[in-house]
Structure formats: structure tokens, C-alpha cells
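*Asks:* Mind looking over this structure? Questions follow.
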Amino acid sequence: MIDPESEESGTDAIVADLRRAGCVFAEEEAALLRQAASSSGELAALVARRIDGIPLEYLVGWADFRGVRVALDPGVFVPRQRTAFLIDEALERTAARPGDRRTVVDMCCGSGALGLAATTALRTGGVDVELVAADIDTVAVACARRNLEPLGAQVFQGDLFAALPGELVGRVDLLLANTPYVPTAMIARMPPEARDHEPRTALDGGEDGLDVLRRVADAAGRWLTVGGWMLVEIGTAQMDTATAIVAAAGLRPAIAESSDYGATVVCGTRTHAG
Ligand code: GLN
């Protein structure tokens with residue numbers, strides 16, 4: 001951290017530069033970059049990289065997600081604020097009370113933000129949580145391990161459920177996933193920060209954006225407890241197709257939407273054994 005007093009005027013210049021480069025929250029970004037830098041040289045370098053379009057979260061090394069600090073490495077999907085709604089919804093649906101126990105899976109975990117936020121909230125409420133996370137991407141798995149191992153969680157690398165230990169079959173209370181859901185043809189229209197810096201595997205959901213949801217939903221029933229919930233973020237326009245996918249997979253579907261968060265989540269619960 002560099003001396004706040006002596007850097008006052010420098011910060012004004014930084015704010016102006018960031019604003020010119022199109023950063024909407026230029027003051028906040030300047031303050032975060034200043035905190036992250038240990039010298040004025042380093043600060044200048046960080047500002048230059050930010051102006052080049054590197055996501056702020058990669059430069060400072062963390063993102064705030066639902067009030068929890070998530071460590072973030074370059075090349076790992078940046079948790080979106082809207083996804084906090086998925087956690088709110090998961091907590092409501094699982095309706096755990098102090099002393100209860102929940103098994104939570106963060107599938108396609110990226111940094112592990114969902115698992116971290118859900119576990120933190122449940123444990124704060126006195127709930128005992130077993131957390132397991134998985135991702136196909138090596139860089140994401142390393143980042144998720146940094147975030148989740150301190151919670152006693154295990155993070156596996158592999159293709160969706162193939163990554164999970166078999167002993168979780170029929171035992172998962174909450175299956176949380178921010179799967180890639182951007183239709184392939186829309187990737188080119190994403191903001192450059194996402195398109196140029198985040199891994200394609202975390203964004204590209206195939207022709208209609210729901211390829212990975214299809215695969216997760218198809219297998220989810222086998223891994224959930226009866227009464228357990230799968231929650232997956234989608235785009236609003238995908239609501240009807242996603243509901244049909246979840247129903248066809250044998251789960252009872254529900255849609256949760258929040259205009260405050262600008263988020264839509266498709267949910268599915270396992271209603272019976274076998
Ligand atoms: N449109 C979403 C976003 O950029 C994509 C997230 C995703 O595919 N999981 O936030």
C-alpha cells in the first residue's frame with residue numbers, strides 16, 4: 001500500500017485516465033489499484049494494464065462475491081454480482097436450521113465463489129457443511145483450491161460429475177452451477193473484458209447456450225438427495241427451454257428471477273427415490 005496523502009493528486013490523474021478508458025467506477029477502481037500496489041511504479045503499471053482492458057479483478061487478485069473475498073487468478077472466470085441471487089435462492093430452498101448438515105457441490109466451480117459464499121452463509125447460520133467442488137480447467141481448479149481448501153473442501157478436476165467421488169451419489173443437498181450459458185454466436189458480442197480474458201470454456205454454452213445445463217441436469221437426479229436442489233444460472237431468454245430440460249431430466253423444475261440482481265436461475269428438485 002502506498003501513502004494515501006502523498007498520492008492524492010496522482011490519484012486524480014489516475015481516475016481521469018481510467019474514466020477516459022471507459023471505466024465506469026473509476027474512483028473505486030483507482031482506490032483498489034492503489035491498495036494493490038506497493039510502489040508508485042507498480043501502481044503505474046497496474047493502471048496501464050487496466051487501461052489495456054485487463055479485468056480489475058485479475059490485477060488486484062480478488063473479487064468480492066456476496067460480501068466474501070474470493071481470490072482470483074488471471075484466466076479464471078470472474079464471479080458476477082448477479083450470481084449472488086443463486087446463493088440467496090439456494091439458501092432459501094435448502095431451508096437449513098442450526099445443527100443441520102448439508103452436502104454442497106459447486107460444479108463448474110471456476111474460482112469456487114459459489115461454494116465459498118454458500119458455505120460461509122450456511123456455517124454462519126450454524127449449519128454443518130460438506131463442500132465439494134469441480135471444474136474441468138486446471139487454472140480454475142488451482143484457484144478454487146486456494147479459496148476452498150481453507151474451508152476443508154475438496155476440489156476435483158474433471159468433466160462434470162466424472163470428477164466427483166462416487167460416494168456422493170444420492171447425497172448432494174445442493175448442486176450449484178454457474179455453467180457456461182452464452183450461445184456460441186453471441187460470444188463475439190460479449191464485452192472485451194470477458195471475451196478476451198476469460199476462458200471460453202466458462203462462457204460458451206453451445207448453439208443455444210444450454211449444452212452444459214443439459215448434461216448437468218441429466219445426471220443431477222442420481223447425485224441429489226430426495227428433496228435436494230440443483231440451481232443453475234441462465235439467461236432470461238433461456239427460461240422456457242431450461243425448464244423443459246430440467247423436467248425432461250426427471251426433476252421438478254422451478255424458475256427464480258430477480259430484477260434487482262438481473263438474474264435468472266433454473267432450479268430442479270429430486271422428488272422421489274429411484
Ligand atoms: N452472460 C454471462 C456473463 O457474462 C455469462 C456467464 C456464463 O456463461 N456463465 O455474466
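Every chain in the C-alpha cells has a letter given in the order shown (A, B, ...), and although residue numbers restart at 1 in each chain, ligands are simply numbered from 1 in the order shown.
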List the spatial neighbours of Gln157 (chain A) as a ChimeraX atom specification - criterion: any atom at most 12 Å away, only C-alpha atoms, same-chain residues fewer than 4 positions off excluded.
*Replies:* /A:107-110,132-145,161-165
*Asks:* Could you name the residues that touch Ala45 (chain A) at 12 Å or less, counting only C-alpha atoms, but leaving out those on the same chain fewer than 3 positions away, as an NGL selection string?
*Replies:* :A and (14 or 33-34 or 36-42 or 48-52 or 54 or 59)
*Asks:* Residues at most 9 Å from ligand 1, using only C-alpha atoms and all ligand atoms? Could they come as a short mmCIF file (atom, residue, chain, number, x, y, z; two decimals) with C-alpha atoms, in the first residue's frame?
*Replies:*
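The new file part-v8.cif reads:
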```cif
data_model
loop_
_atom_site.label_atom_id
_atom_site.label_comp_id
_atom_site.auth_asym_id
_atom_site.auth_seq_id
_atom_site.Cartn_x
_atom_site.Cartn_y
_atom_site.Cartn_z
CA PHE A 77 -13.99 -16.67 -14.68
CA VAL A 78 -14.73 -13.51 -12.69
CA PRO A 79 -17.70 -14.02 -10.34
CA ARG A 80 -20.60 -11.78 -11.36
CA GLN A 81 -22.51 -9.83 -8.71
CA ARG A 82 -25.80 -11.12 -10.12
CA THR A 83 -24.89 -14.69 -9.24
CA ALA A 177 -23.56 -24.40 -11.00
CA ASN A 178 -22.74 -21.34 -13.00
CA THR A 179 -22.37 -23.31 -16.22
CA PRO A 180 -21.31 -21.55 -19.43
CA TYR A 181 -24.55 -20.34 -21.00
CA VAL A 182 -23.68 -17.87 -23.72
CA PRO A 183 -24.82 -19.13 -27.14
CA ILE A 187 -19.61 -14.73 -27.72
CA MET A 190 -19.64 -10.05 -25.19
CA PRO A 191 -17.70 -7.20 -23.56
CA ALA A 194 -14.95 -11.29 -20.83
CA ARG A 195 -14.36 -12.27 -24.44
CA THR A 201 -14.97 -22.94 -21.63
CA ALA A 202 -16.51 -20.81 -18.87
CA LEU A 203 -18.69 -18.82 -21.29
CA ASP A 204 -19.55 -20.81 -24.42
CA GLY A 205 -22.64 -22.94 -23.86
CA GLY A 209 -26.16 -21.83 -24.65
CA GLU A 233 -27.84 -19.64 -13.64
CA ILE A 234 -29.26 -18.98 -17.10
CA GLY A 235 -30.22 -16.02 -19.30
#
```
*Asks:* List the neighbours of Gly75 (chain A) out to 7 Å using only C-alpha atoms; skip same-chain residues closer than 5 positions along the sequence, and give me the result as a JSON list (two decimals) with N, CA, C and O atoms, in the first residue's frame.
*Replies:*
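Final output, saved to selection.json:
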```json
[["chain", "number", "residue", "atom", "x", "y", "z"],
["A", 197, "HIS", "N", -10.42, -12.18, -22.12],
["A", 197, "HIS", "CA", -9.60, -12.54, -20.96],
["A", 197, "HIS", "C", -10.12, -13.74, -20.18],
["A", 197, "HIS", "O", -9.37, -14.37, -19.44],
["A", 198, "GLU", "N", -11.40, -14.03, -20.30],
["A", 198, "GLU", "CA", -11.92, -15.18, -19.55],
["A", 198, "GLU", "C", -11.88, -16.42, -20.45],
["A", 198, "GLU", "O", -11.95, -16.32, -21.67],
["A", 199, "PRO", "N", -11.78, -17.59, -19.82],
["A", 199, "PRO", "CA", -11.67, -18.80, -20.64],
["A", 199, "PRO", "C", -12.98, -19.08, -21.39],
["A", 199, "PRO", "O", -14.06, -18.94, -20.82]]
```
*Asks:* Considering only C-alpha atoms, give me a table of residues in region 206-262 of chain A that are at most 10 Å from region 86-96 of chain A, with the closest atom pair and distance in Å for each, as a tab-separated table.
*Replies:*
```
residue	atom	partner	partner_atom	distance
A:Gly227	CA	A:Thr94	CA	8.5
A:Gly228	CA	A:Thr94	CA	7.3
A:Trp229	CA	A:Thr94	CA	7.3
A:Met230	CA	A:Ala90	CA	8.4
A:Leu231	CA	A:Leu86	CA	6.9
A:Val232	CA	A:Leu86	CA	7.5
A:Glu233	CA	A:Leu86	CA	6.9
A:Ala256	CA	A:Glu89	CA	7.4
A:Glu257	CA	A:Leu86	CA	9.3
A:Ser258	CA	A:Leu86	CA	9.7
A:Tyr261	CA	A:Leu86	CA	9.8
```
*Asks:* Based on the selection just made, write all heavy atoms of those residues as a PDB file, in the first residue's frame.
*Replies:*
```
ATOM      1  N   GLY A 227     -35.441 -34.455  -2.317  1.00  0.00           N
ATOM      2  CA  GLY A 227     -35.640 -33.124  -1.726  1.00  0.00           C
ATOM      3  C   GLY A 227     -34.468 -32.184  -1.956  1.00  0.00           C
ATOM      4  O   GLY A 227     -34.546 -31.007  -1.602  1.00  0.00           O
ATOM      5  N   GLY A 228     -33.393 -32.699  -2.541  1.00  0.00           N
ATOM      6  CA  GLY A 228     -32.229 -31.860  -2.836  1.00  0.00           C
ATOM      7  C   GLY A 228     -32.480 -31.002  -4.070  1.00  0.00           C
ATOM      8  O   GLY A 228     -33.355 -31.307  -4.882  1.00  0.00           O
ATOM      9  N   TRP A 229     -31.735 -29.933  -4.183  1.00  0.00           N
ATOM     10  CA  TRP A 229     -31.944 -28.961  -5.265  1.00  0.00           C
ATOM     11  C   TRP A 229     -30.704 -28.752  -6.114  1.00  0.00           C
ATOM     12  O   TRP A 229     -29.601 -28.606  -5.588  1.00  0.00           O
ATOM     13  CB  TRP A 229     -32.338 -27.601  -4.695  1.00  0.00           C
ATOM     14  CG  TRP A 229     -33.763 -27.520  -4.251  1.00  0.00           C
ATOM     15  CD1 TRP A 229     -34.235 -27.723  -2.985  1.00  0.00           C
ATOM     16  CD2 TRP A 229     -34.902 -27.216  -5.065  1.00  0.00           C
ATOM     17  NE1 TRP A 229     -35.601 -27.557  -2.962  1.00  0.00           N
ATOM     18  CE2 TRP A 229     -36.033 -27.241  -4.222  1.00  0.00           C
ATOM     19  CE3 TRP A 229     -35.063 -26.921  -6.424  1.00  0.00           C
ATOM     20  CZ2 TRP A 229     -37.323 -26.980  -4.704  1.00  0.00           C
ATOM     21  CZ3 TRP A 229     -36.351 -26.661  -6.898  1.00  0.00           C
ATOM     22  CH2 TRP A 229     -37.460 -26.700  -6.033  1.00  0.00           C
ATOM     23  N   MET A 230     -30.941 -28.683  -7.423  1.00  0.00           N
ATOM     24  CA  MET A 230     -29.941 -28.211  -8.378  1.00  0.00           C
ATOM     25  C   MET A 230     -30.300 -26.768  -8.730  1.00  0.00           C
ATOM     26  O   MET A 230     -31.477 -26.472  -8.952  1.00  0.00           O
ATOM     27  CB  MET A 230     -30.023 -29.070  -9.640  1.00  0.00           C
ATOM     28  CG  MET A 230     -29.173 -28.591 -10.779  1.00  0.00           C
ATOM     29  SD  MET A 230     -29.573 -29.435 -12.350  1.00  0.00           S
ATOM     30  CE  MET A 230     -30.961 -28.451 -12.886  1.00  0.00           C
ATOM     31  N   LEU A 231     -29.339 -25.870  -8.744  1.00  0.00           N
ATOM     32  CA  LEU A 231     -29.585 -24.480  -9.152  1.00  0.00           C
ATOM     33  C   LEU A 231     -28.539 -24.060 -10.173  1.00  0.00           C
ATOM     34  O   LEU A 231     -27.334 -24.169  -9.898  1.00  0.00           O
ATOM     35  CB  LEU A 231     -29.532 -23.519  -7.957  1.00  0.00           C
ATOM     36  CG  LEU A 231     -30.618 -23.726  -6.902  1.00  0.00           C
ATOM     37  CD1 LEU A 231     -30.078 -24.526  -5.726  1.00  0.00           C
ATOM     38  CD2 LEU A 231     -31.146 -22.379  -6.401  1.00  0.00           C
ATOM     39  N   VAL A 232     -28.998 -23.606 -11.330  1.00  0.00           N
ATOM     40  CA  VAL A 232     -28.080 -23.231 -12.404  1.00  0.00           C
ATOM     41  C   VAL A 232     -28.495 -21.872 -12.959  1.00  0.00           C
ATOM     42  O   VAL A 232     -29.664 -21.658 -13.291  1.00  0.00           O
ATOM     43  CB  VAL A 232     -28.099 -24.283 -13.547  1.00  0.00           C
ATOM     44  CG1 VAL A 232     -27.084 -23.914 -14.635  1.00  0.00           C
ATOM     45  CG2 VAL A 232     -27.827 -25.690 -13.019  1.00  0.00           C
ATOM     46  N   GLU A 233     -27.527 -20.963 -13.060  1.00  0.00           N
ATOM     47  CA  GLU A 233     -27.835 -19.643 -13.640  1.00  0.00           C
ATOM     48  C   GLU A 233     -28.025 -19.763 -15.149  1.00  0.00           C
ATOM     49  O   GLU A 233     -27.308 -20.521 -15.812  1.00  0.00           O
ATOM     50  CB  GLU A 233     -26.687 -18.666 -13.338  1.00  0.00           C
ATOM     51  CG  GLU A 233     -26.990 -17.245 -13.801  1.00  0.00           C
ATOM     52  CD  GLU A 233     -25.932 -16.250 -13.350  1.00  0.00           C
ATOM     53  OE1 GLU A 233     -25.858 -15.977 -12.127  1.00  0.00           O
ATOM     54  OE2 GLU A 233     -25.170 -15.772 -14.207  1.00  0.00           O
ATOM     55  N   ALA A 256     -36.414 -19.100 -10.805  1.00  0.00           N
ATOM     56  CA  ALA A 256     -36.313 -17.984  -9.857  1.00  0.00           C
ATOM     57  C   ALA A 256     -35.730 -16.807 -10.626  1.00  0.00           C
ATOM     58  O   ALA A 256     -34.763 -16.968 -11.373  1.00  0.00           O
ATOM     59  CB  ALA A 256     -35.405 -18.378  -8.700  1.00  0.00           C
ATOM     60  N   GLU A 257     -36.337 -15.656 -10.433  1.00  0.00           N
ATOM     61  CA  GLU A 257     -35.893 -14.467 -11.168  1.00  0.00           C
ATOM     62  C   GLU A 257     -35.793 -13.299 -10.227  1.00  0.00           C
ATOM     63  O   GLU A 257     -36.639 -13.157  -9.338  1.00  0.00           O
ATOM     64  CB  GLU A 257     -36.961 -14.103 -12.202  1.00  0.00           C
ATOM     65  CG  GLU A 257     -36.702 -14.608 -13.573  1.00  0.00           C
ATOM     66  CD  GLU A 257     -37.617 -13.892 -14.559  1.00  0.00           C
ATOM     67  OE1 GLU A 257     -38.853 -14.042 -14.432  1.00  0.00           O
ATOM     68  OE2 GLU A 257     -37.083 -13.175 -15.421  1.00  0.00           O
ATOM     69  N   SER A 258     -34.810 -12.447 -10.437  1.00  0.00           N
ATOM     70  CA  SER A 258     -34.713 -11.240  -9.638  1.00  0.00           C
ATOM     71  C   SER A 258     -34.388 -10.065 -10.549  1.00  0.00           C
ATOM     72  O   SER A 258     -33.352 -10.078 -11.239  1.00  0.00           O
ATOM     73  CB  SER A 258     -33.624 -11.393  -8.582  1.00  0.00           C
ATOM     74  OG  SER A 258     -33.268 -10.118  -8.095  1.00  0.00           O
ATOM     75  N   TYR A 261     -31.232  -8.150  -9.034  1.00  0.00           N
ATOM     76  CA  TYR A 261     -29.932  -8.708  -9.414  1.00  0.00           C
ATOM     77  C   TYR A 261     -29.772  -8.817 -10.934  1.00  0.00           C
ATOM     78  O   TYR A 261     -28.667  -9.057 -11.428  1.00  0.00           O
ATOM     79  CB  TYR A 261     -29.778 -10.121  -8.854  1.00  0.00           C
ATOM     80  CG  TYR A 261     -29.471 -10.230  -7.381  1.00  0.00           C
ATOM     81  CD1 TYR A 261     -30.434 -10.679  -6.482  1.00  0.00           C
ATOM     82  CD2 TYR A 261     -28.195  -9.957  -6.900  1.00  0.00           C
ATOM     83  CE1 TYR A 261     -30.142 -10.831  -5.132  1.00  0.00           C
ATOM     84  CE2 TYR A 261     -27.895 -10.118  -5.550  1.00  0.00           C
ATOM     85  CZ  TYR A 261     -28.871 -10.549  -4.673  1.00  0.00           C
ATOM     86  OH  TYR A 261     -28.572 -10.716  -3.357  1.00  0.00           O
TER      87      TYR A 261
END
```
*Asks:* Calculate how many Å separate CA of Asn147 (chain A) from CA of Arg200 (chain A), rounding to one decimal.
*Replies:*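 So the two atoms, CA of Asn147 (chain A) and CA of Arg200 (chain A), lie 21.9 Å apart.
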*Asks:* Which of these residues is nearest to Ser259 (chain A), using only C-alpha atoms: A:Thr11, A:Leu43, A:Pro192, A:Phe85?
*Replies:*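 The closest residue to Ser259 (chain A) is A:Phe85.
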*Asks:* Record the distance separating CA of Arg171 (chain A) and CA of Asp100 (chain A), expressed in Å with one decimal.
*Replies:*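 CA of Asp100 (chain A) lies 14.2 Å from CA of Arg171 (chain A).
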